[in-house]
file final36.cif (mmCIF, C-alpha atoms)
data_entry
loop_
_atom_site.label_atom_id
_atom_site.label_comp_id
_atom_site.auth_asym_id
_atom_site.auth_seq_id
_atom_site.Cartn_x
_atom_site.Cartn_y
_atom_site.Cartn_z
CA MET A 7 130.82 95.10 75.15
CA GLN A 8 129.37 93.46 78.27
CA LYS A 9 129.01 89.69 78.01
CA ARG A 10 125.39 88.60 77.93
CA THR A 11 124.11 85.90 80.28
CA LYS A 12 121.90 83.14 78.94
CA ARG A 13 118.38 82.66 80.29
CA GLN A 14 115.44 80.52 79.23
CA LEU A 15 111.67 80.41 79.55
CA ILE A 16 110.23 76.96 80.18
CA LEU A 17 106.48 76.43 79.69
CA GLN A 18 104.31 73.77 81.29
CA THR A 19 103.87 72.31 77.78
CA GLY A 20 107.61 71.49 77.72
CA ASP A 21 108.39 74.21 75.17
CA VAL A 22 111.66 76.02 75.87
CA PHE A 23 112.71 79.47 74.64
CA SER A 24 116.42 80.22 75.04
CA GLY A 25 117.66 83.78 74.95
CA PHE A 26 119.54 86.31 77.05
CA SER A 27 119.01 87.81 80.46
CA PHE A 28 118.35 91.44 81.31
CA GLY A 29 116.87 93.06 84.38
CA HIS A 30 117.08 91.13 87.66
CA PRO A 31 119.17 87.93 87.48
CA GLU A 32 117.00 85.63 89.63
CA GLU A 33 114.38 83.02 88.64
CA ALA A 34 110.67 83.84 88.44
CA GLN A 35 107.46 81.95 87.78
CA GLY A 36 103.98 82.99 86.70
CA GLU A 37 101.19 82.94 84.15
CA VAL A 38 102.61 83.68 80.70
CA VAL A 39 100.42 86.17 78.81
CA PHE A 40 100.97 88.38 75.78
CA GLY A 41 100.21 92.04 75.08
CA THR A 42 99.73 93.40 71.57
CA GLY A 43 100.42 97.12 72.07
CA MET A 44 103.08 98.73 69.91
CA THR A 45 103.77 101.34 72.61
CA GLY A 46 102.91 101.77 76.28
CA TYR A 47 105.35 99.27 77.76
CA GLN A 48 105.88 101.49 80.83
CA GLU A 49 102.15 101.47 81.57
CA VAL A 50 102.07 97.70 81.03
CA LEU A 51 104.96 97.11 83.44
CA THR A 52 103.34 99.22 86.15
CA ASP A 53 99.70 98.10 85.69
CA PRO A 54 98.70 96.19 88.87
CA SER A 55 96.37 94.00 86.78
CA TYR A 56 99.48 92.05 85.67
CA CYS A 57 100.16 90.88 89.23
CA GLY A 58 101.78 87.43 89.19
CA GLN A 59 102.18 87.22 85.41
CA ILE A 60 105.08 86.96 82.96
CA VAL A 61 104.25 89.40 80.17
CA VAL A 62 105.34 88.83 76.56
CA MET A 63 105.34 91.86 74.26
CA THR A 64 104.45 90.98 70.66
CA TYR A 65 105.98 94.19 69.24
CA PRO A 66 109.63 93.32 68.54
CA LEU A 67 111.53 96.37 69.92
CA VAL A 68 110.74 97.47 73.47
CA GLY A 69 112.33 100.29 75.46
CA SER A 70 113.07 102.72 72.62
CA TYR A 71 111.69 105.80 74.42
CA GLY A 72 112.84 104.83 77.91
CA PHE A 73 111.02 105.38 81.20
CA ASN A 74 110.07 108.44 83.23
CA LEU A 75 108.61 109.05 86.68
CA GLU A 76 105.36 110.58 85.43
CA ASP A 77 103.80 107.73 83.44
CA ASP A 78 103.82 104.94 86.02
CA GLU A 79 100.40 103.43 86.74
CA ALA A 80 101.35 102.31 90.27
CA ASN A 81 104.11 102.77 92.83
CA ARG A 82 105.89 99.68 91.57
CA PRO A 83 105.40 96.82 89.08
CA HIS A 84 103.63 93.68 90.28
CA LEU A 85 104.34 91.39 87.33
CA HIS A 86 106.80 88.50 87.73
CA GLY A 87 108.71 88.71 84.45
CA PHE A 88 109.03 90.51 81.13
CA VAL A 89 109.80 88.91 77.75
CA VAL A 90 110.72 90.76 74.54
CA LYS A 91 112.38 90.06 71.23
CA GLU A 92 114.81 92.97 71.65
CA ALA A 93 115.34 95.23 74.68
CA GLN A 94 116.60 98.69 73.71
CA ARG A 95 119.42 99.76 76.04
CA HIS A 96 119.93 103.22 74.52
CA PRO A 97 116.53 104.97 74.47
CA SER A 98 116.03 108.24 72.66
CA ASN A 99 113.37 110.58 74.06
CA TRP A 100 113.56 113.92 75.83
CA ARG A 101 111.41 112.59 78.71
CA SER A 102 113.49 109.45 79.25
CA GLN A 103 115.11 109.06 82.69
CA PHE A 104 115.76 105.31 82.90
CA THR A 105 116.23 102.34 80.60
CA LEU A 106 114.07 99.22 80.57
CA ASP A 107 116.96 97.21 82.02
CA GLU A 108 117.46 99.72 84.87
CA VAL A 109 113.78 99.66 85.83
CA LEU A 110 113.60 95.87 85.91
CA ARG A 111 116.78 95.65 87.97
CA HIS A 112 115.52 98.24 90.45
CA HIS A 113 112.28 96.33 91.02
CA ASN A 114 113.87 92.83 91.04
CA ILE A 115 112.03 91.65 87.92
CA PRO A 116 113.79 89.27 85.50
CA GLY A 117 113.67 89.88 81.76
CA LEU A 118 114.31 87.66 78.75
CA GLU A 119 115.23 88.85 75.25
CA GLY A 120 116.39 87.36 71.99
CA ILE A 121 113.61 84.80 71.56
CA ASP A 122 110.95 84.28 68.89
CA THR A 123 108.05 86.09 70.59
CA ARG A 124 105.80 85.40 67.60
CA ARG A 125 106.14 81.63 68.08
CA LEU A 126 105.60 82.00 71.83
CA THR A 127 102.43 84.01 71.21
CA ARG A 128 101.11 81.38 68.80
CA ILE A 129 101.66 78.67 71.44
CA ILE A 130 99.69 80.68 74.01
CA ARG A 131 96.88 81.28 71.50
CA SER A 132 96.79 77.56 70.73
CA HIS A 133 96.99 76.16 74.28
CA GLY A 134 95.61 79.08 76.26
CA THR A 135 97.35 80.90 79.08
CA LEU A 136 100.20 78.76 80.45
CA MET A 137 102.39 78.68 83.51
CA GLY A 138 106.07 79.36 82.84
CA ARG A 139 109.40 79.87 84.59
CA LEU A 140 112.31 82.17 83.75
CA CYS A 141 115.50 80.38 84.75
CA GLY A 142 119.11 79.71 83.86
CA PRO A 143 120.26 77.25 81.16
CA GLU A 144 121.33 74.72 83.80
CA ALA A 145 117.73 74.15 85.00
CA ASP A 146 116.35 70.59 84.68
CA ARG A 147 113.63 71.02 82.03
CA GLN A 148 111.62 67.93 82.94
CA ARG A 149 111.60 68.78 86.64
CA VAL A 150 110.52 72.36 85.93
CA VAL A 151 107.73 71.17 83.62
CA GLU A 152 106.36 68.81 86.28
CA GLU A 153 106.46 71.59 88.88
CA LEU A 154 104.70 74.01 86.53
CA LYS A 155 101.92 71.53 85.80
CA SER A 156 101.04 71.39 89.49
CA ALA A 157 101.75 75.06 90.27
CA ASP A 158 98.99 77.37 91.44
CA ARG A 159 98.44 80.78 89.94
CA VAL A 160 98.65 83.74 92.33
CA GLN A 161 95.65 83.49 94.65
CA TYR A 162 93.64 86.57 95.70
CA PRO A 163 95.94 89.00 93.88
CA VAL A 164 93.67 91.98 94.60
CA SER A 165 94.74 91.84 98.24
CA LYS A 166 98.36 92.28 97.10
CA VAL A 167 97.77 95.46 95.06
CA SER A 168 94.93 97.37 96.76
CA CYS A 169 95.64 100.26 99.11
CA GLU A 170 95.37 99.48 102.83
CA GLN A 171 93.71 102.68 104.05
CA PRO A 172 91.40 105.27 102.46
CA TYR A 173 93.02 108.48 101.21
CA LEU A 174 91.69 111.70 99.75
CA VAL A 175 92.68 113.42 96.52
CA PRO A 176 91.31 116.99 96.80
CA GLY A 177 89.06 118.64 94.24
CA ARG A 178 86.18 121.12 94.11
CA GLY A 179 83.78 119.11 91.97
CA ARG A 180 81.81 115.89 92.39
CA ARG A 181 82.61 113.63 95.33
CA ILE A 182 83.70 110.30 93.82
CA ALA A 183 84.41 107.17 95.88
CA LEU A 184 86.99 105.12 93.97
CA VAL A 185 87.31 101.50 95.16
CA ASP A 186 90.87 100.29 94.59
CA TYR A 187 91.07 96.70 93.30
CA GLY A 188 94.44 97.41 91.67
CA MET A 189 93.71 100.88 90.34
CA LYS A 190 95.65 102.43 87.50
CA ARG A 191 96.62 106.02 88.19
CA GLY A 192 95.19 106.98 84.81
CA ILE A 193 91.68 106.52 86.23
CA LEU A 194 92.49 108.84 89.11
CA ARG A 195 94.08 111.37 86.74
CA ASP A 196 90.96 111.49 84.56
CA LEU A 197 88.69 112.09 87.54
CA VAL A 198 90.96 114.80 88.95
CA ALA A 199 91.22 116.44 85.53
CA ARG A 200 87.43 116.81 85.65
CA GLY A 201 87.63 118.57 89.02
CA CYS A 202 86.42 115.62 91.09
CA ARG A 203 87.14 115.22 94.77
CA VAL A 204 88.17 111.56 95.06
CA MET A 205 88.27 109.34 98.12
CA VAL A 206 90.15 106.13 97.33
CA PHE A 207 88.91 103.14 99.36
CA PRO A 208 90.59 99.73 99.82
CA HIS A 209 88.97 96.64 98.32
CA THR A 210 87.72 95.61 101.78
CA ALA A 211 85.53 98.71 102.21
CA SER A 212 81.88 98.03 103.02
CA ALA A 213 78.85 99.79 101.58
CA SER A 214 78.42 101.74 104.82
CA ASP A 215 82.10 102.81 104.78
CA ILE A 216 81.59 104.29 101.34
CA LEU A 217 78.09 105.74 101.79
CA ASN A 218 79.07 107.40 105.08
CA TRP A 219 81.44 109.60 103.05
CA ARG A 220 78.35 110.81 101.11
CA PRO A 221 79.71 110.32 97.58
CA ASP A 222 77.98 111.63 94.48
CA GLY A 223 79.14 108.53 92.61
CA VAL A 224 81.13 105.32 93.08
CA LEU A 225 83.73 103.99 90.65
CA LEU A 226 84.94 100.38 90.83
CA SER A 227 88.50 100.14 89.50
CA ASN A 228 90.37 97.60 87.42
CA GLY A 229 92.47 94.90 89.07
CA PRO A 230 94.08 91.48 88.63
CA GLY A 231 92.79 87.95 88.59
CA ASP A 232 89.51 86.11 88.90
CA PRO A 233 86.55 88.27 90.02
CA MET A 234 85.25 85.27 91.97
CA GLN A 235 88.24 85.73 94.28
CA VAL A 236 86.90 89.10 95.47
CA PRO A 237 83.75 87.90 97.32
CA GLU A 238 83.74 90.84 99.73
CA ALA A 239 82.97 93.16 96.81
CA LEU A 240 79.55 91.70 96.01
CA PRO A 241 77.62 92.68 99.19
CA MET A 242 79.27 96.10 99.05
CA ILE A 243 78.09 96.67 95.47
CA GLN A 244 74.62 95.33 96.26
CA GLY A 245 74.42 97.75 99.18
CA ILE A 246 75.21 100.69 96.89
CA LEU A 247 73.05 99.83 93.87
CA GLY A 248 70.13 102.24 93.60
CA ARG A 249 71.49 104.55 96.28
CA VAL A 250 74.20 106.31 94.25
CA PRO A 251 75.37 106.14 90.59
CA LEU A 252 77.99 103.47 90.00
CA PHE A 253 80.52 102.82 87.21
CA GLY A 254 82.87 99.84 86.85
CA ILE A 255 86.05 99.45 84.81
CA CYS A 256 87.53 96.03 83.86
CA LEU A 257 87.53 93.95 87.09
CA GLY A 258 85.13 96.50 88.60
CA TYR A 259 82.76 95.90 85.68
CA GLN A 260 82.97 92.12 86.20
CA LEU A 261 82.22 92.53 89.91
CA LEU A 262 79.20 94.69 89.08
CA ALA A 263 77.92 91.93 86.78
CA LEU A 264 78.40 89.26 89.47
CA ALA A 265 76.63 91.42 92.08
CA CYS A 266 73.65 91.66 89.72
CA GLY A 267 73.41 87.91 89.22
CA ALA A 268 75.47 87.38 86.05
CA LYS A 269 78.33 84.91 85.66
CA THR A 270 81.96 85.26 84.61
CA ALA A 271 84.28 82.80 82.86
CA ARG A 272 87.95 82.51 82.05
CA LEU A 273 89.04 83.43 78.53
CA LYS A 274 91.41 81.12 76.67
CA PHE A 275 94.22 83.67 76.44
CA GLY A 276 92.63 86.98 77.45
CA HIS A 277 92.61 90.44 75.90
CA ARG A 278 95.74 92.50 76.49
CA GLY A 279 96.90 95.46 74.41
CA SER A 280 95.93 98.93 73.23
CA ASN A 281 94.37 98.02 69.88
CA HIS A 282 91.19 96.04 70.63
CA PRO A 283 88.09 97.06 68.61
CA VAL A 284 84.80 97.35 70.53
CA ARG A 285 81.38 98.16 69.07
CA CYS A 286 79.03 100.49 70.93
CA LEU A 287 75.56 99.03 70.24
CA GLU A 288 73.71 102.33 70.71
CA SER A 289 75.76 104.36 68.21
CA ASN A 290 77.16 101.45 66.14
CA ARG A 291 80.51 103.21 66.49
CA VAL A 292 83.66 101.10 66.77
CA LEU A 293 86.09 102.18 69.49
CA ILE A 294 89.75 101.16 69.56
CA THR A 295 90.40 100.35 73.19
CA SER A 296 93.07 99.47 75.73
CA GLN A 297 92.43 96.16 77.52
CA ASN A 298 94.00 93.88 80.10
CA HIS A 299 91.90 90.99 81.40
CA GLY A 300 91.71 87.22 81.46
CA TYR A 301 88.01 86.84 82.37
CA THR A 302 84.74 87.84 80.73
CA VAL A 303 81.07 88.27 81.62
CA VAL A 304 79.08 85.37 80.17
CA MET A 305 76.59 86.75 77.63
CA GLU A 306 73.96 84.06 78.24
CA SER A 307 73.92 84.70 81.99
CA LEU A 308 72.66 88.27 81.51
CA ALA A 309 69.17 87.07 80.48
CA ALA A 310 68.28 86.35 84.12
CA THR A 311 69.41 89.82 85.31
CA GLN A 312 68.38 93.43 84.90
CA LEU A 313 71.58 94.11 82.96
CA GLN A 314 71.63 95.09 79.30
CA VAL A 315 74.61 94.80 76.93
CA THR A 316 75.98 98.12 75.67
CA HIS A 317 79.29 97.10 74.04
CA VAL A 318 80.65 93.95 72.38
CA SER A 319 84.09 92.90 71.16
CA VAL A 320 84.51 93.00 67.40
CA ASN A 321 87.14 90.26 67.58
CA ASP A 322 85.30 87.56 69.52
CA SER A 323 81.81 88.97 70.34
CA THR A 324 82.37 88.84 74.11
CA VAL A 325 80.52 91.35 76.30
CA GLU A 326 82.44 94.61 76.71
CA GLY A 327 79.89 96.83 78.44
CA ILE A 328 76.67 96.67 80.47
CA THR A 329 74.09 98.99 81.99
CA HIS A 330 71.45 98.36 84.63
CA GLN A 331 67.86 98.81 83.47
CA ASP A 332 66.57 100.02 86.86
CA TYR A 333 69.52 101.77 88.51
CA GLN A 334 72.17 104.28 87.51
CA ALA A 335 74.87 101.64 87.18
CA SER A 336 77.05 100.67 84.22
CA GLY A 337 80.49 99.34 83.38
CA VAL A 338 82.93 98.51 80.61
CA GLN A 339 85.50 95.77 80.18
CA PHE A 340 88.05 98.07 78.52
CA HIS A 341 90.05 101.02 79.90
CA PRO A 342 88.58 104.44 79.04
CA GLU A 343 91.51 106.18 80.78
CA ALA A 344 93.66 104.97 77.84
CA SER A 345 96.90 104.52 79.75
CA PRO A 346 98.30 103.34 77.43
CA GLY A 347 96.05 103.41 74.40
CA PRO A 348 93.79 105.50 72.18
CA LEU A 349 91.45 108.17 73.52
CA ASP A 350 88.31 106.86 71.79
CA SER A 351 86.40 106.08 74.99
CA GLN A 352 87.48 108.81 77.41
CA ASP A 353 84.04 110.41 77.11
CA LEU A 354 82.75 107.58 79.31
CA PHE A 355 84.05 109.53 82.31
CA ASP A 356 81.97 112.50 81.16
CA GLY A 357 79.00 110.17 80.76
CA PHE A 358 79.45 108.98 84.34
CA LEU A 359 79.45 112.57 85.60
CA GLU A 360 76.35 113.27 83.50
CA GLN A 361 74.67 110.26 85.10
CA ILE A 362 75.46 111.77 88.49
CA ALA A 363 74.05 115.13 87.41
CA LYS A 364 70.85 113.47 86.19
CA TRP A 365 70.55 111.46 89.40
CA LYS A 366 70.99 114.60 91.51
CA GLY A 367 68.36 116.38 89.42
CA ASP A 368 70.58 119.18 88.12
CA ALA A 369 68.52 121.55 85.98
CA HIS A 370 71.00 121.50 83.11
CA ALA A 371 71.83 117.78 83.20
CA LYS A 372 72.30 116.36 79.73
CA THR A 373 70.13 113.51 78.55
CA LEU A 374 72.12 110.28 78.45
#
call {"tool": "encode", "arguments": {"input": "final36.cif", "output": "structure tokens"}}
result
Amino acid sequence: MQKRTKRQLILQTGDVFSGFSFGHPEEAQGEVVFGTGMTGYQEVLTDPSYCGQIVVMTYPLVGSYGFNLEDDEANRPHLHGFVVKEAQRHPSNWRSQFTLDEVLRHHNIPGLEGIDTRRLTRIIRSHGTLMGRLCGPEADRQRVVEELKSADRVQYPVSKVSCEQPYLVPGRGRRIALVDYGMKRGILRDLVARGCRVMVFPHTASASDILNWRPDGVLLSNGPGDPMQVPEALPMIQGILGRVPLFGICLGYQLLALACGAKTARLKFGHRGSNHPVRCLESNRVLITSQNHGYTVVMESLAATQLQVTHVSVNDSTVEGITHQDYQASGVQFHPEASPGPLDSQDLFDGFLEQIAKWKGDAHAKTL
């Protein structure tokens, strides 16, 4: 049996979690956040919204069904570290091509296993999101703590994960402009599955760049970090509102809210996982949703806008969905593409296409 190397996670609070190394052997630093999904670790690892973060999985055994080349949500992971109670080195699934350890090693991401992830999660819930460092047992704890207290989180992470040039994904249906703020491939897959012709634009695209392509609708994607660090998005969105139907997901939804005059705020420890209940106010139906975000739209700030709340979180009553009262524009905080996660809200893509049909005046457009 191969000898295991010791590794520890030091938090800015001074808490230390000692366990064993897997994945890449080097040090790493980042925001320590937790995800509550029981499955979907491959989608978590490859979700660009985790850029700059050390992700803790609350489910104790991770890696049991391995990895494959089809389920990645981006070309490579952008997170800085991965923490689990137990990393499975012998996955069992007919689709498995790689182990968790192999994937982390290939992408130079350090992992830590063998710690009490429940206690770590409780610390994050108590203190809020913390900075942490994965390092060897010889590290000077006090020095690391002082450095973490003054460390900056990753600045402008959207610029690190967005595409650099527009590219086309062919289709014979609606022309959809998809603005990439750190897009998950699941969003693109759902649009393509509905026959859409999709032009993916970088986060720096202007309203004229997008409108010159003559889209039937515009979708603002998910992405990492603080929406206030994407200022170039606001004039673009304002230039599109009222001219073409618009739909925002996660960060894209937050940017839509900001462009309409609302405010956003940082959550204490965020929403991350595939089991978050959300209530649709129109139907009173509760959806189980996939989420990954550290910021929220401030409910009280909506009173001064033309935005109306459509969805709220069952857990903490934060805003989870909005619609514009004058324009064909709406958004949700959660991930309707469900990668990973339940399929409860995938019909929101159909609703977006129905909005487009109504806007274009199709004779058989369904009433929203």
call {"tool": "atom_distance", "arguments": {"input": "final36.cif", "atom1": "CA of Pro208 (chain A)", "atom2": "CA of Ala183 (chain A)"}}
result
10.4 Å
call {"tool": "closest_residue", "arguments": {"input": "final36.cif", "among": "A:Leu247, A:Leu17, A:Leu225, A:Val68", "to": "Thr135 (chain A)", "atoms": "all atoms listed in the file"}}
result
A:Leu17
call {"tool": "resolve_selection", "arguments": {"input": "final36.cif", "expression": "the PyMOL selection byres ((chain A and resi 230) around 7)", "output": "number ranges by chain"}}
result
A: 54-57, 163-164, 188, 229, 231
call {"tool": "residues_around", "arguments": {"input": "final36.cif", "residues": "Met205 (chain A)", "least_positions_apart": "4", "cutoff": "10 Å", "atoms": "only C-alpha atoms", "output": "list in words"}}
result
Pro172, Tyr173, Leu174, Val175, Pro176, Arg181, Ile182, Ala183, Leu184, Val185, Leu194, Ile216, Trp219, Pro221 and Val224 of chain A
call {"tool": "closest_atom_pairs", "arguments": {"input": "final36.cif", "of": "region 103-211 of chain A", "to": "region 20-28 of chain A", "cutoff": "10 Å", "atoms": "all atoms listed in the file", "output": "JSON lines"}}
result
{"residue": "A:Leu106", "atom": "CA", "partner": "A:Phe28", "partner_atom": "CA", "distance": 8.9}
{"residue": "A:Asp107", "atom": "CA", "partner": "A:Phe28", "partner_atom": "CA", "distance": 6.0}
{"residue": "A:Glu108", "atom": "CA", "partner": "A:Phe28", "partner_atom": "CA", "distance": 9.1}
{"residue": "A:Leu110", "atom": "CA", "partner": "A:Phe28", "partner_atom": "CA", "distance": 8.0}
{"residue": "A:Arg111", "atom": "CA", "partner": "A:Phe28", "partner_atom": "CA", "distance": 8.0}
{"residue": "A:Ile115", "atom": "CA", "partner": "A:Phe28", "partner_atom": "CA", "distance": 9.1}
{"residue": "A:Pro116", "atom": "CA", "partner": "A:Phe28", "partner_atom": "CA", "distance": 6.6}
{"residue": "A:Gly117", "atom": "CA", "partner": "A:Phe28", "partner_atom": "CA", "distance": 5.0}
{"residue": "A:Leu118", "atom": "CA", "partner": "A:Ser27", "partner_atom": "CA", "distance": 5.0}
{"residue": "A:Glu119", "atom": "CA", "partner": "A:Phe26", "partner_atom": "CA", "distance": 5.3}
{"residue": "A:Gly120", "atom": "CA", "partner": "A:Gly25", "partner_atom": "CA", "distance": 4.8}
{"residue": "A:Ile121", "atom": "CA", "partner": "A:Gly25", "partner_atom": "CA", "distance": 5.4}
{"residue": "A:Asp122", "atom": "CA", "partner": "A:Phe23", "partner_atom": "CA", "distance": 7.7}
{"residue": "A:Thr123", "atom": "CA", "partner": "A:Phe23", "partner_atom": "CA", "distance": 9.1}
{"residue": "A:Arg125", "atom": "CA", "partner": "A:Phe23", "partner_atom": "CA", "distance": 9.5}
{"residue": "A:Leu126", "atom": "CA", "partner": "A:Phe23", "partner_atom": "CA", "distance": 8.1}
{"residue": "A:Ile129", "atom": "CA", "partner": "A:Asp21", "partner_atom": "CA", "distance": 8.9}
{"residue": "A:Gly138", "atom": "CA", "partner": "A:Gly20", "partner_atom": "CA", "distance": 9.5}
{"residue": "A:Arg139", "atom": "CA", "partner": "A:Val22", "partner_atom": "CA", "distance": 9.8}
{"residue": "A:Leu140", "atom": "CA", "partner": "A:Ser27", "partner_atom": "CA", "distance": 9.4}
{"residue": "A:Cys141", "atom": "CA", "partner": "A:Ser27", "partner_atom": "CA", "distance": 9.3}
{"residue": "A:Gly142", "atom": "CA", "partner": "A:Ser27", "partner_atom": "CA", "distance": 8.8}
{"residue": "A:Pro143", "atom": "CA", "partner": "A:Ser24", "partner_atom": "CA", "distance": 7.8}
{"residue": "A:Arg147", "atom": "CA", "partner": "A:Gly20", "partner_atom": "CA", "distance": 7.4}
{"residue": "A:Gln148", "atom": "CA", "partner": "A:Gly20", "partner_atom": "CA", "distance": 7.5}
{"residue": "A:Val150", "atom": "CA", "partner": "A:Gly20", "partner_atom": "CA", "distance": 8.8}
{"residue": "A:Val151", "atom": "CA", "partner": "A:Gly20", "partner_atom": "CA", "distance": 5.9}
{"residue": "A:Glu152", "atom": "CA", "partner": "A:Gly20", "partner_atom": "CA", "distance": 9.1}
{"residue": "A:Leu154", "atom": "CA", "partner": "A:Gly20", "partner_atom": "CA", "distance": 9.6}
{"residue": "A:Lys155", "atom": "CA", "partner": "A:Gly20", "partner_atom": "CA", "distance": 9.9}
call {"tool": "residues_near_point", "arguments": {"input": "final36.cif", "point": "(101.0, 89.9, 80.7)", "cutoff": "7 Å", "atoms": "only C-alpha atoms", "output": "PyMOL selection string"}}
result
chain A and resi 38-41+56+59-62
call {"tool": "residues_around", "arguments": {"input": "final36.cif", "residues": "Ser351 (chain A)", "least_positions_apart": "6", "cutoff": "9 Å", "atoms": "all atoms listed in the file", "output": "VMD selection string"}}
result
chain A and resid 293 to 295 340 to 344
call {"tool": "atom_distance", "arguments": {"input": "final36.cif", "atom1": "CA of Glu144 (chain A)", "atom2": "CA of Glu32 (chain A)"}}
result
13.1 Å
call {"tool": "residues_near_point", "arguments": {"input": "final36.cif", "point": "(81.6, 101.9, 70.1)", "cutoff": "9 Å", "atoms": "all atoms listed in the file", "output": "list of chain:residue names"}}
result
A:Pro283, A:Val284, A:Arg285, A:Cys286, A:Leu287, A:Glu288, A:Ser289, A:Asn290, A:Arg291, A:Val292, A:Leu293, A:Ile294, A:Thr316, A:His317, A:Val318, A:Asp350, A:Ser351
call {"tool": "atom_distance", "arguments": {"input": "final36.cif", "atom1": "CA of Arg131 (chain A)", "atom2": "CA of Gly258 (chain A)"}}
result
25.7 Å
